[in-house]
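Asker: Enclosed is the structure file protein29.pdb (PDB, C-alpha atoms, pLDDT in the B column).
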ATOM      1  CA  MET R   1    -184.516 -39.877  33.582  1.00 77.00           C
ATOM      2  CA  ASN R   2    -185.986 -43.374  33.377  1.00 79.00           C
ATOM      3  CA  PHE R   3    -183.832 -46.126  31.877  1.00 81.00           C
ATOM      4  CA  SER R   4    -184.929 -49.434  30.424  1.00 84.00           C
ATOM      5  CA  SER R   5    -181.607 -51.036  31.379  1.00 92.00           C
ATOM      6  CA  LYS R   6    -179.382 -50.846  34.440  1.00 94.00           C
ATOM      7  CA  LEU R   7    -176.360 -51.290  32.149  1.00 95.00           C
ATOM      8  CA  LEU R   8    -177.481 -48.309  30.071  1.00 94.00           C
ATOM      9  CA  GLU R   9    -178.054 -46.254  33.199  1.00 93.00           C
ATOM     10  CA  ALA R  10    -174.602 -47.100  34.563  1.00 95.00           C
ATOM     11  CA  ALA R  11    -172.896 -46.146  31.285  1.00 94.00           C
ATOM     12  CA  VAL R  12    -174.815 -42.854  31.062  1.00 94.00           C
ATOM     13  CA  SER R  13    -173.902 -42.109  34.665  1.00 95.00           C
ATOM     14  CA  GLU R  14    -170.192 -42.529  33.907  1.00 95.00           C
ATOM     15  CA  PHE R  15    -170.273 -40.415  30.729  1.00 95.00           C
ATOM     16  CA  SER R  16    -172.175 -37.639  32.510  1.00 95.00           C
ATOM     17  CA  LYS R  17    -169.231 -37.266  34.911  1.00 95.00           C
ATOM     18  CA  LEU R  18    -167.188 -35.798  32.051  1.00 94.00           C
ATOM     19  CA  PRO R  19    -166.922 -31.985  32.109  1.00 92.00           C
ATOM     20  CA  GLY R  20    -169.636 -30.274  30.079  1.00 92.00           C
ATOM     21  CA  VAL R  21    -171.580 -33.495  29.506  1.00 94.00           C
ATOM     22  CA  GLY R  22    -175.126 -33.628  30.844  1.00 94.00           C
ATOM     23  CA  GLN R  23    -177.352 -36.686  31.023  1.00 93.00           C
ATOM     24  CA  LYS R  24    -178.935 -36.100  27.624  1.00 94.00           C
ATOM     25  CA  THR R  25    -175.570 -35.757  25.909  1.00 96.00           C
ATOM     26  CA  ALA R  26    -174.263 -38.762  27.823  1.00 95.00           C
ATOM     27  CA  LEU R  27    -177.247 -40.816  26.679  1.00 96.00           C
ATOM     28  CA  ARG R  28    -176.638 -39.767  23.061  1.00 96.00           C
ATOM     29  CA  LEU R  29    -172.984 -40.816  23.299  1.00 96.00           C
ATOM     30  CA  VAL R  30    -173.809 -44.169  24.888  1.00 95.00           C
ATOM     31  CA  LEU R  31    -176.480 -44.939  22.280  1.00 95.00           C
ATOM     32  CA  HIS R  32    -174.009 -44.011  19.549  1.00 96.00           C
ATOM     33  CA  LEU R  33    -171.526 -46.532  20.927  1.00 95.00           C
ATOM     34  CA  LEU R  34    -174.235 -49.178  21.084  1.00 94.00           C
ATOM     35  CA  ASN R  35    -174.850 -48.681  17.367  1.00 95.00           C
ATOM     36  CA  GLN R  36    -171.184 -49.235  16.497  1.00 95.00           C
ATOM     37  CA  ASP R  37    -169.523 -52.548  15.729  1.00 95.00           C
ATOM     38  CA  LYS R  38    -168.204 -54.341  18.793  1.00 94.00           C
ATOM     39  CA  ASP R  39    -164.662 -54.095  17.425  1.00 96.00           C
ATOM     40  CA  GLU R  40    -164.888 -50.299  17.237  1.00 95.00           C
ATOM     41  CA  VAL R  41    -166.193 -50.075  20.788  1.00 95.00           C
ATOM     42  CA  GLU R  42    -163.406 -52.391  21.941  1.00 96.00           C
ATOM     43  CA  ARG R  43    -160.804 -50.133  20.274  1.00 96.00           C
ATOM     44  CA  PHE R  44    -162.385 -47.098  21.936  1.00 95.00           C
ATOM     45  CA  SER R  45    -162.331 -48.782  25.329  1.00 95.00           C
ATOM     46  CA  ALA R  46    -158.777 -50.053  24.843  1.00 97.00           C
ATOM     47  CA  ALA R  47    -157.520 -46.581  23.838  1.00 96.00           C
ATOM     48  CA  ILE R  48    -158.960 -45.003  27.006  1.00 94.00           C
ATOM     49  CA  SER R  49    -157.592 -47.789  29.195  1.00 95.00           C
ATOM     50  CA  LYS R  50    -154.151 -47.598  27.555  1.00 95.00           C
ATOM     51  CA  LEU R  51    -154.122 -43.819  27.962  1.00 94.00           C
ATOM     52  CA  ARG R  52    -154.916 -44.019  31.665  1.00 93.00           C
ATOM     53  CA  ASN R  53    -152.495 -46.843  32.424  1.00 93.00           C
ATOM     54  CA  GLU R  54    -149.511 -45.879  30.277  1.00 93.00           C
ATOM     55  CA  ILE R  55    -149.517 -42.073  30.104  1.00 94.00           C
ATOM     56  CA  GLN R  56    -146.523 -40.360  31.684  1.00 94.00           C
ATOM     57  CA  PHE R  57    -145.586 -36.866  32.720  1.00 96.00           C
ATOM     58  CA  CYS R  58    -142.319 -35.421  31.487  1.00 97.00           C
ATOM     59  CA  GLY R  59    -139.729 -35.528  34.235  1.00 96.00           C
ATOM     60  CA  ILE R  60    -138.481 -32.072  33.200  1.00 96.00           C
ATOM     61  CA  CYS R  61    -141.476 -29.897  32.262  1.00 97.00           C
ATOM     62  CA  HIS R  62    -144.408 -32.042  33.564  1.00 97.00           C
ATOM     63  CA  ASN R  63    -146.166 -32.030  30.198  1.00 97.00           C
ATOM     64  CA  ILE R  64    -148.178 -35.142  29.297  1.00 96.00           C
ATOM     65  CA  SER R  65    -145.908 -37.517  27.428  1.00 95.00           C
ATOM     66  CA  ASP R  66    -145.495 -41.053  26.114  1.00 93.00           C
ATOM     67  CA  MET R  67    -141.928 -41.108  27.417  1.00 94.00           C
ATOM     68  CA  PRO R  68    -140.056 -40.096  30.597  1.00 95.00           C
ATOM     69  CA  VAL R  69    -138.900 -36.950  28.757  1.00 96.00           C
ATOM     70  CA  CYS R  70    -141.346 -35.349  26.311  1.00 96.00           C
ATOM     71  CA  GLU R  71    -140.578 -34.668  22.650  1.00 95.00           C
ATOM     72  CA  ILE R  72    -140.336 -30.913  23.227  1.00 97.00           C
ATOM     73  CA  CYS R  73    -137.757 -31.165  26.032  1.00 96.00           C
ATOM     74  CA  SER R  74    -135.705 -33.703  24.077  1.00 96.00           C
ATOM     75  CA  ALA R  75    -135.811 -31.806  20.749  1.00 96.00           C
ATOM     76  CA  PRO R  76    -132.267 -30.534  20.004  1.00 94.00           C
ATOM     77  CA  LYS R  77    -133.464 -27.548  17.950  1.00 93.00           C
ATOM     78  CA  ARG R  78    -135.584 -25.968  20.700  1.00 96.00           C
ATOM     79  CA  ASP R  79    -134.261 -22.739  22.250  1.00 95.00           C
ATOM     80  CA  ARG R  80    -133.205 -23.907  25.715  1.00 94.00           C
ATOM     81  CA  SER R  81    -132.685 -20.360  26.982  1.00 94.00           C
ATOM     82  CA  LEU R  82    -136.475 -19.789  27.063  1.00 95.00           C
ATOM     83  CA  ILE R  83    -138.984 -21.369  29.425  1.00 96.00           C
ATOM     84  CA  CYS R  84    -142.672 -20.616  28.960  1.00 96.00           C
ATOM     85  CA  VAL R  85    -144.662 -21.250  32.154  1.00 97.00           C
ATOM     86  CA  VAL R  86    -148.222 -22.491  31.560  1.00 97.00           C
ATOM     87  CA  GLU R  87    -151.032 -23.997  33.595  1.00 96.00           C
ATOM     88  CA  ASP R  88    -151.546 -27.314  31.814  1.00 95.00           C
ATOM     89  CA  THR R  89    -151.053 -29.369  28.656  1.00 95.00           C
ATOM     90  CA  ARG R  90    -153.915 -27.629  26.840  1.00 93.00           C
ATOM     91  CA  ASP R  91    -151.955 -24.377  27.007  1.00 94.00           C
ATOM     92  CA  VAL R  92    -148.824 -26.049  25.609  1.00 95.00           C
ATOM     93  CA  MET R  93    -150.900 -27.303  22.684  1.00 94.00           C
ATOM     94  CA  ALA R  94    -152.459 -23.866  22.143  1.00 90.00           C
ATOM     95  CA  ILE R  95    -149.066 -22.127  22.029  1.00 92.00           C
ATOM     96  CA  GLU R  96    -147.508 -24.816  19.844  1.00 94.00           C
ATOM     97  CA  ASN R  97    -150.353 -24.352  17.342  1.00 91.00           C
ATOM     98  CA  THR R  98    -149.329 -20.711  16.876  1.00 87.00           C
ATOM     99  CA  SER R  99    -145.888 -21.743  15.510  1.00 88.00           C
ATOM    100  CA  GLN R 100    -144.543 -18.550  17.105  1.00 87.00           C
ATOM    101  CA  TYR R 101    -142.564 -20.098  19.962  1.00 92.00           C
ATOM    102  CA  ASN R 102    -139.531 -22.377  19.848  1.00 95.00           C
ATOM    103  CA  GLY R 103    -138.458 -22.520  23.486  1.00 95.00           C
ATOM    104  CA  LEU R 104    -139.219 -24.972  26.278  1.00 97.00           C
ATOM    105  CA  TYR R 105    -142.184 -25.157  28.658  1.00 97.00           C
ATOM    106  CA  HIS R 106    -142.933 -25.685  32.318  1.00 98.00           C
ATOM    107  CA  VAL R 107    -146.376 -26.968  33.247  1.00 98.00           C
ATOM    108  CA  LEU R 108    -147.547 -25.896  36.706  1.00 97.00           C
ATOM    109  CA  GLY R 109    -150.486 -28.303  36.792  1.00 96.00           C
ATOM    110  CA  ALA R 110    -152.844 -25.717  38.335  1.00 95.00           C
ATOM    111  CA  LEU R 111    -153.224 -22.073  39.328  1.00 96.00           C
ATOM    112  CA  ILE R 112    -153.297 -20.701  42.859  1.00 95.00           C
ATOM    113  CA  SER R 113    -156.933 -20.597  43.942  1.00 93.00           C
ATOM    114  CA  PRO R 114    -157.606 -20.374  47.700  1.00 91.00           C
ATOM    115  CA  MET R 115    -161.347 -20.792  47.114  1.00 90.00           C
ATOM    116  CA  ASP R 116    -160.652 -24.188  45.533  1.00 91.00           C
ATOM    117  CA  GLY R 117    -158.094 -25.130  48.153  1.00 94.00           C
ATOM    118  CA  ILE R 118    -155.171 -24.848  45.710  1.00 95.00           C
ATOM    119  CA  GLY R 119    -152.062 -23.231  47.149  1.00 95.00           C
ATOM    120  CA  PRO R 120    -148.477 -22.718  45.939  1.00 94.00           C
ATOM    121  CA  ALA R 121    -147.463 -26.139  47.292  1.00 94.00           C
ATOM    122  CA  ASP R 122    -149.894 -27.773  44.846  1.00 95.00           C
ATOM    123  CA  LEU R 123    -148.065 -26.312  41.841  1.00 97.00           C
ATOM    124  CA  GLU R 124    -144.870 -27.570  40.173  1.00 96.00           C
ATOM    125  CA  VAL R 125    -142.832 -24.596  41.354  1.00 96.00           C
ATOM    126  CA  ASP R 126    -139.871 -26.210  43.081  1.00 95.00           C
ATOM    127  CA  SER R 127    -138.911 -28.090  39.922  1.00 95.00           C
ATOM    128  CA  LEU R 128    -139.047 -24.794  37.996  1.00 96.00           C
ATOM    129  CA  ILE R 129    -136.650 -23.250  40.522  1.00 95.00           C
ATOM    130  CA  GLU R 130    -134.366 -26.245  40.118  1.00 93.00           C
ATOM    131  CA  ARG R 131    -134.360 -25.838  36.341  1.00 94.00           C
ATOM    132  CA  LEU R 132    -133.285 -22.221  36.694  1.00 93.00           C
ATOM    133  CA  ARG R 133    -130.375 -23.339  38.862  1.00 88.00           C
ATOM    134  CA  THR R 134    -129.125 -25.980  36.463  1.00 78.00           C
ATOM    135  CA  ASP R 135    -130.206 -24.937  32.957  1.00 66.00           C
ATOM    136  CA  GLU R 136    -128.864 -22.062  30.871  1.00 89.00           C
ATOM    137  CA  VAL R 137    -132.139 -20.164  31.053  1.00 93.00           C
ATOM    138  CA  LYS R 138    -132.113 -16.492  30.089  1.00 94.00           C
ATOM    139  CA  GLU R 139    -135.840 -15.742  30.107  1.00 94.00           C
ATOM    140  CA  VAL R 140    -138.994 -17.057  31.765  1.00 95.00           C
ATOM    141  CA  ILE R 141    -142.280 -16.177  30.089  1.00 94.00           C
ATOM    142  CA  PHE R 142    -145.487 -16.276  32.114  1.00 94.00           C
ATOM    143  CA  ALA R 143    -148.249 -17.473  29.774  1.00 92.00           C
ATOM    144  CA  LEU R 144    -151.124 -17.927  32.193  1.00 91.00           C
ATOM    145  CA  SER R 145    -154.794 -17.167  31.743  1.00 84.00           C
ATOM    146  CA  THR R 146    -155.721 -13.543  32.405  1.00 78.00           C
ATOM    147  CA  THR R 147    -157.914 -14.387  35.369  1.00 83.00           C
ATOM    148  CA  MET R 148    -157.629 -13.521  39.057  1.00 86.00           C
ATOM    149  CA  GLU R 149    -156.098 -16.959  39.652  1.00 92.00           C
ATOM    150  CA  GLY R 150    -153.632 -16.445  36.812  1.00 90.00           C
ATOM    151  CA  ASP R 151    -152.550 -13.033  38.063  1.00 88.00           C
ATOM    152  CA  THR R 152    -152.210 -14.318  41.639  1.00 93.00           C
ATOM    153  CA  THR R 153    -150.016 -17.168  40.420  1.00 95.00           C
ATOM    154  CA  ILE R 154    -147.835 -14.837  38.341  1.00 93.00           C
ATOM    155  CA  PHE R 155    -147.388 -12.498  41.327  1.00 92.00           C
ATOM    156  CA  TYR R 156    -146.279 -15.420  43.501  1.00 95.00           C
ATOM    157  CA  LEU R 157    -143.922 -16.812  40.856  1.00 95.00           C
ATOM    158  CA  HIS R 158    -142.345 -13.412  40.292  1.00 93.00           C
ATOM    159  CA  LYS R 159    -141.473 -13.182  43.971  1.00 92.00           C
ATOM    160  CA  ARG R 160    -139.854 -16.632  43.798  1.00 93.00           C
ATOM    161  CA  LEU R 161    -137.886 -15.908  40.617  1.00 93.00           C
ATOM    162  CA  LYS R 162    -136.904 -12.256  40.945  1.00 88.00           C
ATOM    163  CA  ASP R 163    -133.501 -12.984  42.506  1.00 89.00           C
ATOM    164  CA  PHE R 164    -132.375 -15.083  39.530  1.00 91.00           C
ATOM    165  CA  ASN R 165    -130.303 -13.357  36.857  1.00 90.00           C
ATOM    166  CA  ILE R 166    -132.935 -13.868  34.152  1.00 92.00           C
ATOM    167  CA  ASN R 167    -135.485 -11.812  32.260  1.00 92.00           C
ATOM    168  CA  ILE R 168    -139.049 -12.309  33.448  1.00 92.00           C
ATOM    169  CA  SER R 169    -141.781 -11.458  30.959  1.00 91.00           C
ATOM    170  CA  THR R 170    -145.482 -12.021  30.492  1.00 87.00           C
ATOM    171  CA  ILE R 171    -147.573 -12.396  27.360  1.00 81.00           C
ATOM    172  CA  ALA R 172    -148.975  -9.135  26.016  1.00 67.00           C
ATOM    173  CA  ARG R 173    -152.501  -8.336  27.113  1.00 60.00           C
ATOM    174  CA  GLY R 174    -154.118  -8.703  23.716  1.00 53.00           C
ATOM    175  CA  ILE R 175    -156.110 -11.294  25.619  1.00 50.00           C
ATOM    176  CA  ALA R 176    -159.138  -9.958  27.450  1.00 49.00           C
ATOM    177  CA  PHE R 177    -159.118 -10.126  31.246  1.00 44.00           C
ATOM    178  CA  GLY R 178    -160.836 -13.287  32.394  1.00 45.00           C
ATOM    179  CA  GLY R 179    -159.893 -15.167  29.226  1.00 50.00           C
ATOM    180  CA  GLU R 180    -158.784 -18.783  29.355  1.00 58.00           C
ATOM    181  CA  LEU R 181    -155.636 -19.308  27.297  1.00 58.00           C
ATOM    182  CA  GLU R 182    -156.834 -22.469  25.560  1.00 63.00           C
ATOM    183  CA  TYR R 183    -159.817 -20.634  24.022  1.00 55.00           C
ATOM    184  CA  VAL R 184    -157.854 -17.713  22.556  1.00 59.00           C
ATOM    185  CA  ASP R 185    -157.500 -17.759  18.770  1.00 61.00           C
ATOM    186  CA  GLU R 186    -154.071 -18.721  17.443  1.00 65.00           C
ATOM    187  CA  ILE R 187    -153.284 -15.340  15.846  1.00 56.00           C
ATOM    188  CA  THR R 188    -153.973 -13.370  19.038  1.00 59.00           C
ATOM    189  CA  LEU R 189    -152.088 -15.883  21.173  1.00 65.00           C
ATOM    190  CA  GLY R 190    -149.145 -15.924  18.766  1.00 65.00           C
ATOM    191  CA  ARG R 191    -148.907 -12.137  18.826  1.00 57.00           C
ATOM    192  CA  SER R 192    -149.130 -12.145  22.622  1.00 64.00           C
ATOM    193  CA  ILE R 193    -146.129 -14.475  22.770  1.00 68.00           C
ATOM    194  CA  THR R 194    -144.000 -12.549  20.260  1.00 66.00           C
ATOM    195  CA  THR R 195    -144.878  -9.124  21.750  1.00 59.00           C
ATOM    196  CA  ARG R 196    -144.396 -10.213  25.359  1.00 67.00           C
ATOM    197  CA  VAL R 197    -143.347  -7.518  27.813  1.00 60.00           C
ATOM    198  CA  PRO R 198    -141.193  -7.496  30.969  1.00 72.00           C
ATOM    199  CA  TYR R 199    -143.325  -8.490  33.930  1.00 64.00           C
ATOM    200  CA  ASP R 200    -142.436  -5.367  35.937  1.00 61.00           C
ATOM    201  CA  ASN R 201    -143.620  -3.184  33.050  1.00 49.00           C
ATOM    202  CA  ALA R 202    -146.864  -5.121  32.804  1.00 50.00           C
ATOM    203  CA  MET R 203    -147.515  -4.590  36.521  1.00 50.00           C
ATOM    204  CA  ALA R 204    -146.855  -0.864  36.177  1.00 46.00           C
ATOM    205  CA  LYS R 205    -149.731  -0.610  33.694  1.00 48.00           C
TER     206      LYS R 205
END
As structure tokens, please, write out the structure in this file.
Answerer:
Amino acid sequence: MNFSSKLLEAAVSEFSKLPGVGQKTALRLVLHLLNQDKDEVERFSAAISKLRNEIQFCGICHNISDMPVCEICSAPKRDRSLICVVEDTRDVMAIENTSQYNGLYHVLGALISPMDGIGPADLEVDSLIERLRTDEVKEVIFALSTTMEGDTTIFYLHKRLKDFNINISTIARGIAFGGELEYVDEITLGRSITTRVPYDNAMAK
């Protein structure tokens, strides 16, 4: 792609690094910004910079937060006997949108994927174990994508948690194998949470 400006080329190059954004889409986004008032572009730039510099991760569940402890972990009305284990913040948002779950979360930050060089040590597992030792947790729900990586991660976590005196369950398989949790519709995801099954029973099937 030929550019009439090095500045334009540099901006397009940066936008095209975003997931799912090719050069043509990046060019369209950059040209859109060029057509906006300078004040609007400044607000856009400032919001991204502020996000990157000031964002925090909850010291308890590792969810993205504006504060050291996120609003979910600090909410007094949440059911503290339940911990729903998810891959990332997008999954927290997806489950919250169902309005079918009122417990707490634990964000792993990734799934075990040897092909991508991601092992158990790269996940927030130790802090989950620590929570089970200190909190009054009665049930851990595995709400991970129904992919090979998700199943591998659940199998590993089950081995780490099975000696705790807690119930271990997984979301019902109303979600097709290979499905990413964030793309599942809210009704199906909500039903999968409310009709969760013990993990041992799920493995038996």
Asker: Could you tell me, as a list in words, exactly which residues end up selected when the PyMOL selection byres ((chain R and resi 82-87) around 7) is applied to this structure?
Answerer: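 This file gives the following for the PyMOL selection byres ((chain R and resi 82-87) around 7): Asp79, Arg80, Ser81, Asp88, Asp91, Val92, Gly103, Leu104, Tyr105, His106, Val107, Leu108, Gly109, Ala110, Leu111, Val137, Lys138, Glu139, Val140, Ile141, Phe142, Ala143 and Leu144 of chain R.
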Asker: I'd like to see the residues matched by the PyMOL selection byres ((chain R and resi 8) around 12) on this file, and ideally I'd get them as a PyMOL selection string.
Answerer: chain R and resi 1-7+9-15+23+26-34
Asker: Measure the distance from CA of His62 in chain R to CA of Thr89 in chain R in Å and round it to one decimal.
Answerer: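 One can read the CA of His62 in chain R to CA of Thr89 in chain R distance as 8.7 Å.
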Asker: Taking the file as shown, what set of residues would the PyMOL selection byres ((chain R and resi 47-54) around 12) give back, as a list in words?
Answerer: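 For this structure, the PyMOL selection byres ((chain R and resi 47-54) around 12) captures Glu40, Val41, Glu42, Arg43, Phe44, Ser45, Ala46, Ile55, Gln56, Phe57, Ile64, Ser65, Asp66, Met67 and Pro68 of chain R.
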Asker: Which distance in Å separates CA of Glu130 in chain R and CA of Phe155 in chain R, to one decimal?
Answerer: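 These atoms are spaced 19.0 Å apart.
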Asker: Would you compute the distance between CA of Lys159 in chain R and CA of Pro120 in chain R? Give it in Å to one decimal.
Answerer: 12.0 Å
Asker: Under the rule that all atoms listed in the file are counted, which of R:Ile171, R:Ala94, R:Cys73, R:Cys61 is the nearest residue to Ile129 in chain R?
Answerer: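 Going through R:Ile171, R:Ala94, R:Cys73, R:Cys61 one by one, the smallest distance to Ile129 in chain R is for R:Cys61.
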Asker: Give the answer as one residue: which of R:Ile112, R:Ile118, R:Ile95, R:Leu132 has the shortest atom-to-atom distance to Ile60 in chain R, using only C-alpha atoms?
Answerer: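 Result for the nearest residue to Ile60 in chain R: R:Leu132.
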Asker: Counting only C-alpha atoms, which of R:Tyr101, R:Thr134, R:Gly150, R:Pro198 gets nearest to Asn167 in chain R?
Answerer: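 Using only C-alpha atoms, the shortest distance to Asn167 in chain R belongs to R:Pro198.
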Asker: Enclose range 131-134 of chain R, meaning all of its atoms listed in the file, in a box aligned along x, y and z, pad it by 8 Å on each side, and list the centre and edge lengths in Å to one decimal, as JSON.
Answerer:
{"center_x": -131.7, "center_y": -24.1, "center_z": 37.6, "size_x": 21.2, "size_y": 19.8, "size_z": 18.5}
Asker: Return the single residue from R:Leu123, R:Leu18, R:Cys58, R:Met93 that is closest to Ser74 in chain R, with distances computed using all atoms listed in the file.
Answerer: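 Among the listed residues, the smallest separation from Ser74 in chain R belongs to R:Cys58.
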Asker: Have a look at R:Arg133, R:Glu149, R:Lys24, R:Lys17 and name the one nearest to Asp116 in chain R; count only C-alpha atoms.
Answerer: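 Under the stated criterion, the closest residue is R:Glu149.
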